[in-house]
Every structure is written in structure tokens, then in C-alpha cells.
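*Asks:* This one is protein25.cif, mmCIF, C-alpha atoms.
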```cif
data_final
#
loop_
_atom_site.label_atom_id
_atom_site.label_comp_id
_atom_site.auth_asym_id
_atom_site.auth_seq_id
_atom_site.Cartn_x
_atom_site.Cartn_y
_atom_site.Cartn_z
CA MET A 3 -34.79 -8.71 95.98
CA SER A 4 -35.86 -11.03 98.82
CA GLU A 5 -39.54 -10.30 98.31
CA LYS A 6 -41.71 -12.97 96.74
CA PHE A 7 -43.67 -11.88 93.67
CA ASP A 8 -46.76 -13.21 91.99
CA CYS A 9 -44.77 -13.33 88.76
CA ILE A 10 -41.26 -12.68 87.51
CA VAL A 11 -40.84 -11.79 83.81
CA VAL A 12 -37.35 -12.26 82.40
CA GLY A 13 -36.65 -9.96 79.45
CA ALA A 14 -38.05 -6.50 78.69
CA GLY A 15 -38.73 -6.86 74.97
CA PRO A 16 -42.20 -6.58 73.39
CA ALA A 17 -43.26 -9.99 74.77
CA GLY A 18 -42.00 -9.45 78.30
CA ILE A 19 -43.28 -5.89 78.65
CA SER A 20 -46.71 -6.88 77.30
CA CYS A 21 -46.94 -9.64 79.88
CA ALA A 22 -45.75 -7.42 82.76
CA TYR A 23 -48.14 -4.62 81.74
CA GLU A 24 -51.20 -6.88 81.65
CA LEU A 25 -50.26 -8.58 84.91
CA ALA A 26 -49.72 -5.30 86.76
CA LYS A 27 -52.93 -3.90 85.29
CA GLY A 28 -54.72 -6.98 86.64
CA GLY A 29 -53.39 -6.36 90.14
CA ALA A 30 -50.50 -8.84 90.18
CA ASN A 31 -47.24 -8.09 91.97
CA VAL A 32 -44.81 -8.47 89.06
CA LEU A 33 -41.06 -8.05 88.65
CA LEU A 34 -39.65 -7.33 85.17
CA ILE A 35 -35.94 -8.09 84.80
CA GLU A 36 -33.87 -6.69 81.91
CA ARG A 37 -30.20 -7.52 81.31
CA GLY A 38 -29.56 -4.39 79.25
CA GLU A 39 -28.91 -0.86 80.45
CA TYR A 40 -32.55 -0.09 79.67
CA PRO A 41 -35.39 -1.78 77.75
CA GLY A 42 -34.60 -1.62 74.05
CA SER A 43 -30.83 -1.25 74.47
CA LYS A 44 -30.23 -4.84 73.31
CA ASN A 45 -33.37 -5.40 71.26
CA VAL A 46 -33.38 -5.28 67.47
CA MET A 47 -36.13 -5.64 64.93
CA GLY A 48 -36.32 -4.18 61.46
CA GLY A 49 -38.43 -1.41 62.87
CA VAL A 50 -42.09 -2.23 62.13
CA LEU A 51 -44.73 -2.25 64.85
CA TYR A 52 -48.22 -3.58 64.09
CA ARG A 53 -51.05 -1.49 65.52
CA LYS A 54 -53.73 -4.11 66.26
CA MET A 55 -51.71 -6.28 68.65
CA MET A 56 -50.32 -3.29 70.53
CA GLU A 57 -53.76 -1.70 70.76
CA ASP A 58 -55.12 -4.89 72.31
CA ILE A 59 -52.88 -3.94 75.24
CA ILE A 60 -52.98 -0.11 75.25
CA PRO A 61 -55.93 1.35 73.31
CA GLU A 62 -54.99 4.33 71.11
CA PHE A 63 -51.34 4.01 72.13
CA TYR A 64 -50.36 5.71 68.88
CA LYS A 65 -51.55 9.06 70.25
CA GLU A 66 -48.67 9.20 72.72
CA ALA A 67 -46.10 6.50 71.90
CA PRO A 68 -42.74 7.54 70.35
CA LEU A 69 -43.50 6.27 66.84
CA GLU A 70 -41.65 7.23 63.68
CA ARG A 71 -43.99 7.09 60.65
CA PRO A 72 -47.29 5.35 59.88
CA ILE A 73 -46.58 3.13 56.87
CA VAL A 74 -48.64 3.85 53.75
CA GLU A 75 -46.64 1.76 51.29
CA GLN A 76 -45.06 -1.68 51.36
CA ARG A 77 -42.76 -2.64 48.47
CA PHE A 78 -41.09 -5.93 47.59
CA MET A 79 -38.00 -6.06 45.36
CA MET A 80 -36.82 -9.24 43.62
CA MET A 81 -33.22 -8.27 42.98
CA ASP A 82 -30.49 -9.29 40.59
CA LYS A 83 -27.06 -7.66 40.51
CA GLU A 84 -28.12 -4.66 38.42
CA SER A 85 -31.92 -4.90 38.29
CA ALA A 86 -35.02 -5.44 40.36
CA ILE A 87 -38.64 -6.42 39.86
CA THR A 88 -40.65 -4.25 42.25
CA VAL A 89 -44.22 -4.85 43.40
CA GLY A 90 -46.10 -3.28 46.26
CA TYR A 91 -49.18 -1.68 47.68
CA LYS A 92 -49.77 1.93 48.68
CA GLY A 93 -52.96 2.72 50.54
CA LEU A 94 -53.84 6.11 51.98
CA GLU A 95 -56.34 4.41 54.29
CA TRP A 96 -53.24 3.38 56.28
CA TYR A 97 -52.52 7.07 56.89
CA GLN A 98 -55.78 7.50 58.81
CA GLU A 99 -56.59 6.41 62.34
CA PRO A 100 -56.38 3.76 63.59
CA TYR A 101 -53.57 3.07 61.05
CA ASN A 102 -52.09 -0.34 60.13
CA ASN A 103 -48.47 -0.28 61.28
CA PHE A 104 -45.62 2.07 62.08
CA THR A 105 -41.87 2.27 61.90
CA VAL A 106 -40.26 2.55 65.34
CA LEU A 107 -36.85 2.83 66.93
CA ARG A 108 -36.74 0.15 69.60
CA ALA A 109 -34.49 2.08 71.99
CA LYS A 110 -37.20 4.75 72.26
CA PHE A 111 -40.32 2.64 72.00
CA ASP A 112 -39.35 -0.12 74.44
CA GLN A 113 -38.44 2.43 77.12
CA TRP A 114 -41.81 4.11 76.71
CA PHE A 115 -43.65 0.79 76.81
CA ALA A 116 -41.74 -0.37 79.90
CA ASP A 117 -42.57 2.94 81.63
CA LYS A 118 -46.23 2.22 80.96
CA ALA A 119 -45.87 -1.16 82.69
CA VAL A 120 -44.19 0.56 85.64
CA GLU A 121 -47.06 3.06 85.80
CA GLN A 122 -49.42 0.09 86.16
CA GLY A 123 -47.36 -1.15 89.10
CA ALA A 124 -44.69 -3.45 87.63
CA ILE A 125 -41.22 -3.24 89.15
CA LEU A 126 -38.46 -2.92 86.54
CA ILE A 127 -34.86 -3.87 87.27
CA ASN A 128 -32.26 -3.22 84.55
CA GLU A 129 -28.67 -4.46 84.13
CA THR A 130 -29.49 -7.76 85.81
CA VAL A 131 -28.69 -11.16 84.32
CA VAL A 132 -30.82 -14.15 85.22
CA LEU A 133 -28.47 -17.12 85.47
CA GLU A 134 -31.01 -19.90 85.92
CA CYS A 135 -34.45 -20.80 87.16
CA ILE A 136 -34.79 -22.04 90.70
CA VAL A 137 -36.53 -25.42 90.65
CA GLU A 138 -37.94 -27.17 93.72
CA ASN A 139 -39.70 -30.54 93.50
CA GLY A 140 -39.96 -30.22 89.74
CA LYS A 141 -41.60 -26.77 89.90
CA VAL A 142 -40.05 -23.44 88.93
CA VAL A 143 -40.29 -21.21 92.00
CA GLY A 144 -38.02 -18.30 91.11
CA VAL A 145 -34.82 -17.15 89.42
CA ARG A 146 -31.16 -16.79 90.37
CA THR A 147 -29.59 -13.50 89.24
CA ASP A 148 -26.04 -12.19 89.12
CA ARG A 149 -26.72 -9.72 91.94
CA PRO A 150 -25.47 -10.41 95.48
CA GLY A 151 -28.21 -12.30 97.28
CA GLY A 152 -30.03 -12.24 93.99
CA ASP A 153 -32.38 -15.21 94.38
CA VAL A 154 -35.94 -14.02 93.73
CA TYR A 155 -39.09 -16.10 94.15
CA ALA A 156 -42.49 -16.08 92.48
CA ASP A 157 -45.53 -18.27 91.87
CA VAL A 158 -44.86 -18.10 88.10
CA VAL A 159 -41.78 -17.25 86.04
CA VAL A 160 -42.25 -16.03 82.46
CA LEU A 161 -39.27 -16.51 80.14
CA ALA A 162 -39.04 -13.78 77.51
CA ASP A 163 -35.26 -13.89 77.19
CA GLY A 164 -34.98 -14.12 73.41
CA VAL A 165 -34.26 -16.62 70.67
CA ASN A 166 -31.38 -18.41 72.36
CA SER A 167 -33.25 -18.89 75.65
CA LEU A 168 -30.65 -20.57 77.82
CA LEU A 169 -33.10 -20.58 80.71
CA ALA A 170 -35.65 -22.65 78.79
CA GLN A 171 -32.86 -24.86 77.46
CA LYS A 172 -31.58 -25.54 80.99
CA LEU A 173 -35.10 -26.60 81.93
CA GLY A 174 -35.01 -29.08 79.05
CA PHE A 175 -37.76 -27.27 77.14
CA HIS A 176 -35.81 -27.15 73.89
CA LYS A 177 -32.59 -28.42 72.38
CA GLU A 178 -29.78 -26.23 71.16
CA TYR A 179 -30.96 -24.74 67.89
CA ARG A 180 -29.23 -25.69 64.63
CA PRO A 181 -27.72 -23.02 62.34
CA ASP A 182 -30.61 -23.55 59.90
CA GLU A 183 -33.12 -22.68 62.64
CA VAL A 184 -31.66 -19.28 63.51
CA ALA A 185 -31.01 -16.17 61.43
CA LEU A 186 -28.58 -13.36 62.13
CA ALA A 187 -29.84 -9.88 61.29
CA THR A 188 -27.54 -6.89 61.02
CA MET A 189 -28.86 -3.35 60.70
CA GLU A 190 -27.70 0.24 60.51
CA VAL A 191 -29.62 3.36 61.39
CA ILE A 192 -28.63 6.04 58.87
CA LYS A 193 -29.39 9.69 59.60
CA LEU A 194 -30.99 11.56 56.69
CA ASP A 195 -32.92 14.78 56.34
CA LYS A 196 -36.69 14.39 56.72
CA LYS A 197 -37.51 16.11 53.41
CA ILE A 198 -34.92 14.06 51.51
CA ILE A 199 -36.50 10.84 52.82
CA GLU A 200 -39.94 11.92 51.67
CA ASP A 201 -38.69 12.97 48.24
CA ARG A 202 -36.73 9.76 47.64
CA PHE A 203 -39.55 7.46 48.70
CA ASN A 204 -42.33 9.52 47.09
CA LEU A 205 -44.04 10.24 50.41
CA GLU A 206 -46.10 13.08 51.79
CA GLU A 207 -45.12 14.60 55.14
CA ASN A 208 -44.72 11.99 57.91
CA GLN A 209 -45.81 9.08 55.70
CA GLY A 210 -43.70 5.92 55.86
CA CYS A 211 -42.56 3.22 53.45
CA THR A 212 -41.02 -0.22 53.85
CA ILE A 213 -39.09 -2.16 51.22
CA GLU A 214 -38.37 -5.88 51.59
CA LEU A 215 -35.44 -7.17 49.53
CA PHE A 216 -35.08 -10.67 48.09
CA GLY A 217 -32.54 -12.42 45.89
CA ASP A 218 -29.23 -10.66 45.30
CA ALA A 219 -29.66 -8.64 48.51
CA THR A 220 -28.62 -11.82 50.35
CA LYS A 221 -26.39 -13.14 47.55
CA GLY A 222 -28.83 -16.00 47.08
CA ILE A 223 -28.78 -17.08 50.74
CA LEU A 224 -32.19 -17.71 52.30
CA GLY A 225 -33.18 -14.45 53.96
CA THR A 226 -34.25 -10.89 53.27
CA GLY A 227 -32.98 -7.36 53.35
CA PHE A 228 -35.04 -4.34 54.32
CA VAL A 229 -35.18 -0.56 54.06
CA TYR A 230 -37.55 1.28 56.42
CA THR A 231 -38.18 5.01 56.72
CA ASN A 232 -38.10 6.78 60.10
CA LYS A 233 -38.70 10.49 60.70
CA GLU A 234 -35.11 11.54 60.17
CA SER A 235 -33.31 8.28 59.54
CA ILE A 236 -33.48 5.06 57.57
CA ASN A 237 -33.18 1.53 58.92
CA ILE A 238 -31.33 -0.69 56.47
CA GLY A 239 -30.47 -4.28 57.21
CA VAL A 240 -30.27 -7.87 56.13
CA GLY A 241 -31.03 -11.15 57.86
CA THR A 242 -30.01 -14.64 56.70
CA LEU A 243 -29.86 -18.12 58.15
CA LEU A 244 -26.67 -18.82 60.05
CA SER A 245 -26.27 -21.99 58.01
CA GLY A 246 -26.15 -19.91 54.81
CA LEU A 247 -23.53 -17.53 56.19
CA ILE A 248 -21.42 -20.49 57.25
CA LYS A 249 -21.85 -22.32 53.94
CA HIS A 250 -20.98 -19.29 51.81
CA LYS A 251 -18.29 -18.05 54.25
CA ILE A 252 -19.76 -14.55 54.35
CA LYS A 253 -19.47 -12.27 57.37
CA PRO A 254 -22.72 -10.52 58.38
CA TYR A 255 -21.27 -6.99 58.16
CA GLU A 256 -19.94 -7.76 54.67
CA LEU A 257 -23.44 -8.69 53.54
CA LEU A 258 -24.85 -5.49 55.01
CA GLU A 259 -22.23 -3.43 53.18
CA TYR A 260 -23.12 -5.27 49.98
CA VAL A 261 -26.78 -4.30 50.39
CA LYS A 262 -25.91 -0.67 51.17
CA ASN A 263 -23.84 -0.43 48.01
CA HIS A 264 -26.22 -2.31 45.73
CA PRO A 265 -27.11 -0.05 42.74
CA MET A 266 -30.83 -0.57 43.42
CA ILE A 267 -30.49 0.51 47.07
CA ARG A 268 -27.60 2.96 47.19
CA PRO A 269 -29.65 5.97 45.93
CA TYR A 270 -32.05 5.68 48.88
CA ILE A 271 -29.32 6.19 51.51
CA GLN A 272 -26.83 8.33 49.58
CA GLY A 273 -25.46 11.19 51.67
CA GLY A 274 -26.70 9.66 54.92
CA GLU A 275 -24.64 9.34 58.09
CA ALA A 276 -24.43 6.01 59.94
CA GLN A 277 -25.61 6.48 63.52
CA GLU A 278 -25.91 2.99 64.94
CA TYR A 279 -24.98 -0.60 64.08
CA LEU A 280 -26.99 -3.48 65.53
CA ALA A 281 -26.94 -7.28 65.29
CA HIS A 282 -29.44 -9.78 66.63
CA LEU A 283 -30.38 -13.45 66.37
CA ILE A 284 -33.88 -14.22 65.06
CA PRO A 285 -35.72 -17.56 65.43
CA GLU A 286 -36.45 -18.99 61.98
CA GLY A 287 -37.24 -22.62 62.75
CA GLY A 288 -40.95 -21.90 62.98
CA TYR A 289 -43.65 -24.22 64.21
CA LYS A 290 -41.56 -27.39 64.02
CA SER A 291 -38.81 -25.85 66.16
CA MET A 292 -41.13 -24.80 68.97
CA GLY A 293 -40.21 -26.58 72.15
CA LYS A 294 -42.18 -26.96 75.35
CA ILE A 295 -43.67 -23.60 76.35
CA VAL A 296 -45.48 -24.43 79.60
CA GLY A 297 -44.33 -26.19 82.75
CA ASP A 298 -45.04 -26.20 86.47
CA GLY A 299 -44.67 -22.56 87.46
CA VAL A 300 -43.21 -21.41 84.13
CA ILE A 301 -44.34 -20.07 80.73
CA VAL A 302 -42.21 -19.28 77.66
CA ILE A 303 -43.19 -16.41 75.33
CA GLY A 304 -42.00 -14.41 72.30
CA ASP A 305 -38.73 -15.23 70.53
CA ALA A 306 -37.86 -17.64 73.34
CA SER A 307 -40.64 -19.90 72.02
CA GLN A 308 -39.68 -19.40 68.33
CA LEU A 309 -42.65 -17.13 67.62
CA VAL A 310 -41.61 -15.53 64.33
CA ASN A 311 -43.46 -15.71 61.02
CA ALA A 312 -40.41 -15.64 58.74
CA ILE A 313 -42.39 -15.45 55.50
CA HIS A 314 -44.20 -12.24 56.47
CA ARG A 315 -41.32 -10.90 58.60
CA GLU A 316 -43.58 -10.69 61.64
CA GLY A 317 -42.28 -11.10 65.15
CA SER A 318 -43.14 -8.22 67.48
CA ASN A 319 -46.89 -8.69 66.97
CA LEU A 320 -46.66 -12.41 67.77
CA ALA A 321 -44.49 -11.60 70.78
CA MET A 322 -46.92 -9.04 72.21
CA THR A 323 -49.86 -11.37 71.72
CA SER A 324 -48.06 -14.21 73.46
CA GLY A 325 -47.23 -11.91 76.37
CA ARG A 326 -50.85 -10.81 76.69
CA LEU A 327 -52.15 -14.38 76.56
CA ALA A 328 -49.61 -15.50 79.17
CA ALA A 329 -50.72 -12.72 81.51
CA GLU A 330 -54.38 -13.63 81.09
CA THR A 331 -53.57 -17.24 81.95
CA ILE A 332 -51.54 -16.29 85.03
CA LEU A 333 -54.27 -14.00 86.38
CA LEU A 334 -56.74 -16.89 86.14
CA ALA A 335 -54.21 -19.20 87.83
CA MET A 336 -53.88 -16.66 90.66
CA GLU A 337 -57.64 -16.78 91.21
CA ALA A 338 -57.54 -20.57 91.34
CA GLU A 339 -54.27 -20.59 93.33
CA ASP A 340 -53.05 -23.27 90.96
CA PHE A 341 -49.76 -22.72 89.10
CA SER A 342 -49.28 -26.25 87.84
CA GLU A 343 -48.58 -27.07 84.20
CA GLY A 344 -52.18 -28.21 83.82
CA SER A 345 -53.49 -24.88 85.03
CA LEU A 346 -51.09 -22.81 82.91
CA ASP A 347 -51.57 -24.91 79.77
CA SER A 348 -54.51 -22.77 78.67
CA TYR A 349 -51.82 -20.31 77.50
CA ARG A 350 -50.50 -22.89 75.03
CA VAL A 351 -54.01 -23.82 73.87
CA ASN A 352 -55.08 -20.20 73.32
CA LEU A 353 -51.81 -19.34 71.60
CA LEU A 354 -51.97 -22.22 69.13
CA ASN A 355 -55.70 -21.83 68.44
CA GLY A 356 -55.38 -18.10 67.74
CA PHE A 357 -53.81 -16.32 64.77
CA VAL A 358 -50.28 -16.87 66.16
CA GLY A 359 -50.52 -20.64 66.11
CA GLN A 360 -52.51 -20.72 62.88
CA ASP A 361 -49.94 -18.61 61.02
CA MET A 362 -47.09 -20.67 62.46
CA LYS A 363 -48.77 -23.87 61.26
CA LYS A 364 -49.53 -22.41 57.83
CA TYR A 365 -45.86 -21.78 57.11
CA LYS A 366 -44.41 -24.68 59.12
CA ASP A 367 -42.52 -26.13 56.13
CA SER A 368 -41.63 -22.95 54.26
CA THR A 369 -38.24 -22.02 55.74
CA HIS A 370 -36.96 -25.59 55.51
CA HIS A 371 -38.20 -25.91 51.92
CA PHE A 372 -36.57 -22.73 50.62
CA ASP A 373 -33.35 -23.51 52.50
CA LYS A 374 -33.25 -27.03 51.04
CA PHE A 375 -33.83 -25.78 47.49
CA PRO A 376 -31.68 -22.65 47.00
CA GLN A 377 -32.55 -22.37 43.30
CA TYR A 378 -35.50 -20.12 44.17
CA PHE A 379 -33.10 -17.36 45.19
CA GLU A 380 -30.00 -18.31 43.21
CA GLN A 381 -31.64 -19.07 39.85
CA TYR A 382 -35.30 -18.15 39.58
CA ILE A 383 -35.15 -14.53 40.76
CA PRO A 384 -32.28 -13.68 38.33
CA MET A 385 -34.17 -15.60 35.62
CA ALA A 386 -37.29 -13.48 36.20
CA ASN A 387 -35.25 -10.27 36.07
CA LYS A 388 -33.73 -11.25 32.73
CA ALA A 389 -37.16 -12.12 31.34
CA PHE A 390 -38.56 -8.73 32.34
CA SER A 391 -35.53 -6.99 30.85
CA GLN A 392 -35.97 -8.76 27.52
CA MET A 393 -39.71 -8.10 27.41
CA PHE A 394 -39.44 -4.39 28.16
CA THR A 395 -36.39 -3.65 26.01
CA VAL A 396 -37.57 -2.09 22.73
CA ASP A 397 -35.06 -3.24 20.12
CA GLY A 398 -37.13 -4.01 17.03
CA THR A 399 -37.78 -7.63 18.03
CA SER A 400 -41.44 -8.61 18.10
CA LYS A 401 -43.06 -9.50 21.38
CA TRP A 402 -43.87 -12.97 20.01
CA GLN A 403 -40.19 -13.55 19.33
CA LYS A 404 -39.27 -12.21 22.76
CA GLN A 405 -41.65 -14.69 24.38
CA LYS A 406 -40.05 -17.51 22.39
CA ASN A 407 -36.58 -16.33 23.43
CA ILE A 408 -37.61 -16.23 27.09
CA LEU A 409 -39.10 -19.73 26.93
CA SER A 410 -35.98 -20.97 25.16
CA SER A 411 -33.77 -19.49 27.89
CA LEU A 412 -35.55 -21.67 30.45
CA GLY A 413 -33.86 -24.73 28.95
CA GLY A 414 -35.22 -27.97 27.57
CA THR A 415 -38.36 -29.85 28.46
CA LYS A 416 -36.80 -31.35 31.61
CA ASP A 417 -35.72 -27.90 32.84
CA LYS A 418 -39.18 -26.47 32.24
CA MET A 419 -40.79 -29.40 34.04
CA LYS A 420 -38.42 -28.91 36.98
CA LEU A 421 -39.31 -25.21 37.12
CA ALA A 422 -43.02 -26.05 37.08
CA ARG A 423 -42.56 -28.63 39.85
CA ASP A 424 -40.59 -26.17 41.96
CA MET A 425 -43.27 -23.50 41.58
CA TYR A 426 -45.92 -26.03 42.57
CA LYS A 427 -43.92 -27.08 45.64
CA ALA A 428 -43.48 -23.43 46.63
CA TRP A 429 -47.22 -22.90 46.32
CA LYS A 430 -47.92 -25.95 48.48
CA VAL A 431 -45.73 -24.79 51.39
CA MET A 432 -47.19 -21.29 51.22
CA LYS A 433 -50.91 -22.00 50.66
#
```
Would you give me this structure, written as C-alpha cells?
*Replies:*
Amino acid sequence: MSEKFDCIVVGAGPAGISCAYELAKGGANVLLIERGEYPGSKNVMGGVLYRKMMEDIIPEFYKEAPLERPIVEQRFMMMDKESAITVGYKGLEWYQEPYNNFTVLRAKFDQWFADKAVEQGAILINETVVLECIVENGKVVGVRTDRPGGDVYADVVVLADGVNSLLAQKLGFHKEYRPDEVALATMEVIKLDKKIIEDRFNLEENQGCTIELFGDATKGILGTGFVYTNKESINIGVGTLLSGLIKHKIKPYELLEYVKNHPMIRPYIQGGEAQEYLAHLIPEGGYKSMGKIVGDGVIVIGDASQLVNAIHREGSNLAMTSGRLAAETILLAMEAEDFSEGSLDSYRVNLLNGFVGQDMKKYKDSTHHFDKFPQYFEQYIPMANKAFSQMFTVDGTSKWQKQKNILSSLGGTKDKMKLARDMYKAWKVMK
């Protein structure tokens, strides 16, 4: 541990491993530090891995990586207590190479990915907690770990230590995040026979499906639920803003149980056996919550820099891209022998000018807007379900009369104007 490295990467999630892999591949002497028993042991995502961003790092990785199912269908359910409006897209082109995305189990995938980084030459140390960055003359020069004599030095330190990055906070890069900037996701992995999964989700052999849940799945709190198919298990979970859980006095595991027992969801998991329960914080503040991500001798990547697109439920792809861009910047800094903030700032520029920054900017006001105006989830989704129920119920009432009844149920002129304004505001923050 007394050796000096070219780079130390703190955190072996998708962002950290991507960075360590690219650095080692480029000839850098890199140390990857993971606090868990192994990479993936403490990492949680719904279970979707996007092919393009991973393939930018390891071409044709899908031919050997421990993946579950290539996804051929994505569904979205707007749920009320006993109904749901379901829309989606199923495309068999996603079942052909090079595919679009896959379901994964992080405990398996992250270990495989970290092994690939080690094969390139990275050194992986597990079960090690980084307590703080070592700063000399205003420059980060290493990290202090909980191991005896555990001070380790490097030209650059990359912080990939997750949403609540205490290391970045201690450096003054960001404030303590508010409850409305962080979500808590809880998830269960439920064992189920392979053939049963395919029958219930209308899939051919080894095809995968994802279902995103809105509305009653979160009891009107801003957030989403999800159901994802693995080979022989199903990931089911729900994530909501901490502020919503606090306001409604709901415990996370209670919300998960509610989703599991919802009449629209229960048939998918019936007869399954719970194998694993996981909980994880997710950054939801978006672009406006991003703190400083570059300093003298230090770069912040992945969840630690708030890189999550909450609207599209994307995180791992942004994390991997940020890790790759950080590595490219560090390799150039090594050539120039300049590890100052000015030299490393090309990481920030490339990140914000690419799809990561553009998507973050596009939805910069969305989470705040939908949290500030809960009627979208509490009122409008149930209202839409009732309208569909009335329209599709054949009871001898003419469709003209049904349309009048639906319009009448929206309230008076002021209520209709408010609904129209709210829809316009939603469009503005999403366009």
C-alpha cells in the first residue's frame, strides 16, 4: 500500500471499473479500491445495462459477460388501485446482435467487469474503506484508508464512491444533499422458473421484458416502480424521493410490499421465492444538483457527481461514460505531466458537451417540477384510468355521452384550464 500509483479509483461500480479498465488498458498504474466484499456486493440498480456505452469500453462484451436477457419489450404502466393504462414497444430487432440493452444481476456482472480491469493490469483491493483524500498544498495527492499504514498516493484520485460521496463533500465539492435530491430504491430478486417467466411476460426463449410503474405503485409519491425479467428470477422494486417517504410517513419496505401485492403486479411474481433484498440511494437532483467535479489531482464520476437521468431511469450508462471520459483525460494529463484542475478540466467539458451533459440539461427542471406539483401522480393518473374505464365499458351508453361524462368529471372551466396549464408545464420541462 506504500507504492505510489498513477491513479487511485475509489469505488468499484460501473463508473469506477470503467475508469480503471481504460486507464490500465492505456498503460497507467491504477489502484481500484472497493469497500464491499467484492465488486457488486453493495451496488444496486434496477437491473438494466445499456449495450452501446459498455461496448465503447469492451467491444462485443455481450458474447462473454454474465448477462441475463436481452430486452425486446419495454412497457410503461400508469396505475390506479385496481387498474392500469399500459403502453410499450416490442421490437425483435433488439433480439439480434448487437442488441439494445440487457437485464443483469450486479453481483455477477460487476465481478466479471472488475476481473476484466484486473486482466488489463489494474490492482483491485476489496473490503477497504477510504476515509478521506490526502490534500497537500491544495492538491489531492492520495487517499487515507482504514487499513494499518493505509495512506496511498497517486497523481490523480478518481472518486466513484456513490451518491452520498463523503469524500467529495469533505473536499467542499458539494453540499449535503436535501431529501428532495435523493431517492431510496428498494428491490427484491424473486426466483421463478424460466418457462413461467416467459409465459407470463409473453416472451420467446431468453427474451427479456421491462415494466416501469407509475402512479399508485408509489402511492402518488414522485418515483417509479419496476419489474425486470432475468433468466430464472424477477427483479421487482420501487424508488421514491426521500422527501416523499418522509412526508407520507411510509417505510421503504412497506412500499415495496405494496407494489408486490398490487393486483396489476401480483400475477407476475405469484409463486416466486424471494432470494435477495437490496436498498440503495440514487441521485435525483439532476443537473442543478451537480457540484464541482474536477479539482487539482481529483475527478468525480458516476453517482458521486449526480449523473442519473431520472426521467428515463438511466444511470449505469452515464456512469460508464463518465468513467471512460475521466480515464481519457487522465491519460492525456500523464503525457503532459500536468494534473492540475486546468489540465483535468477537459473531462468536465467533454462530459457536459456529450450526450450525458445534454440529457442532464434537457431534464434539469423535471424532478423538481413533478415533486412540487404532486397532482400529476395523485390526481391525473387516476383520472386517466377512470376515463379509459368509462370509454371501454360497454353498458348501452353512447360514446358521445361517455365523452361528455368524462369531460364533466374533469370539473368546471377553471379545473379544465388548470389541467391544460399543468399539461403544458409538463411538456415544457420535458421537451
*Asks:* Using all atoms listed in the file, which residues sit within 6 Å of segment 118-127 of chain A once same-chain residues fewer than 4 positions away are excluded, as a PyMOL selection string?
*Replies:* chain A and resi 23+26-27+32-35
*Asks:* At a cut-off of 12 Å around the point (-21.6, 7.0, 56.7) (file coordinates), what residues fall inside when counting only C-alpha atoms? I'd like the answer as a PyMOL selection string.
*Replies:* chain A and resi 190-194+259+262-263+268+271-279
*Asks:* Of the candidates A:Asn387, A:Ser20, A:Thr242, A:Gln403, which shows the shortest atom-to-atom distance to Leu283 of chain A, using all atoms listed in the file?
*Replies:*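 Checking each candidate against Leu283 of chain A, we get A:Thr242 as the closest.
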*Asks:* Step by step, work through what the PyMOL selection byres ((chain A and resi 392) around 12) selects in the shown file, and finish by giving those residues as a list in words.
*Replies:*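 With the shown file as input, the PyMOL selection byres ((chain A and resi 392) around 12) matches Met385, Ala386, Asn387, Lys388, Ala389, Phe390, Ser391, Met393, Phe394, Thr395, Val396, Asp397, Gly398, Thr399, Ser400, Lys401, Trp402, Gln403, Lys404, Gln405, Lys406, Asn407, Ile408, Leu409 and Ser411 of chain A.
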*Asks:* Go through A:Val261, A:Val165, A:Arg149, A:Glu214 and flag the residue nearest Val89 of chain A, using only C-alpha atoms for the distances.
*Replies:*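 Looking at the shortest contact to Val89 of chain A, the residue is A:Glu214.
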*Asks:* For Lys177 of chain A, list every protein, DNA or RNA residue within 12 Å, evaluated using only C-alpha atoms, and leave out those in the same chain fewer than 4 positions away; present the list as a list in words.
*Replies:*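 Selected residues are Asn166, Ser167, Leu168, Leu169, Ala170, Gln171, Lys172, Leu173, Glu183, Ser291, Met292, Gly293, Lys294 and Ser307 of chain A.
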*Asks:* Evaluate the PyMOL selection byres ((chain A and resi 314-321) around 7) against this structure - the residues, as a count of residues only, please.
*Replies:* 18
*Asks:* I need the residue nearest Glu84 of chain A from this list: A:Gly217, A:Pro181, A:Gly239, A:Gly18. Use all atoms listed in the file for the distance.
*Replies:* A:Gly217
*Asks:* So that I can see what lies close to Arg37 of chain A, please list as a ChimeraX atom specification the residues with an atom at most 9 Å from it, counting all atoms listed in the file and leaving out residues fewer than 5 positions away in the same chain.
*Replies:* /A:12-14,44,127-132
*Asks:* For Glu57 of chain A, which residue out of A:Arg350, A:Arg326, A:Lys420, A:Lys110 is the nearest one, using all atoms listed in the file?
*Replies:*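 With all atoms listed in the file as the atom set, the closest residue is A:Arg326.
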*Asks:* Rounded to one decimal in Å, what is the spacing between atom CA of Val184 of chain A and atom CA of Thr147 of chain A?
*Replies:*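 Separating atom CA of Val184 of chain A from atom CA of Thr147 of chain A is a distance of 26.5 Å.
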*Asks:* Run through the PyMOL selection byres ((chain A and resi 347) around 10) on the given coordinates and return the selected residues as a PyMOL selection string.
*Replies:* chain A and resi 295-298+301+328+331+341-346+348-353
*Asks:* Could you check the closest approach to Arg423 of chain A for each of A:Lys65, A:Asn355, A:Phe216, A:Phe375 and tell me which residue wins, using all atoms listed in the file?
*Replies:*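 For Arg423 of chain A, the nearest of the given residues is A:Phe375.
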*Asks:* Specify the axis-aligned box that encloses all atoms of segment 303-307 of chain A listed in the file after padding of 3 Å on each side, stating its centre and edge lengths in Å to one decimal as JSON.
*Replies:*
```
{"center_x": -40.5, "center_y": -17.2, "center_z": 72.9, "size_x": 11.3, "size_y": 11.5, "size_z": 10.8}
```
*Asks:* Give me the residues near Lys233 of chain A as a count of residues only, where near means some atom within 8 Å (using all atoms listed in the file) and where sequence neighbours in that chain fewer than 4 positions away do not count.
*Replies:* 4
*Asks:* Please, which residues are within 7 Å of (-30.5, -22.1, 88.4) by the file's coordinates, counting all atoms listed in the file, and could they come as JSON, numbers by chain?
*Replies:* {"A": [133, 134, 135, 136, 145, 146]}
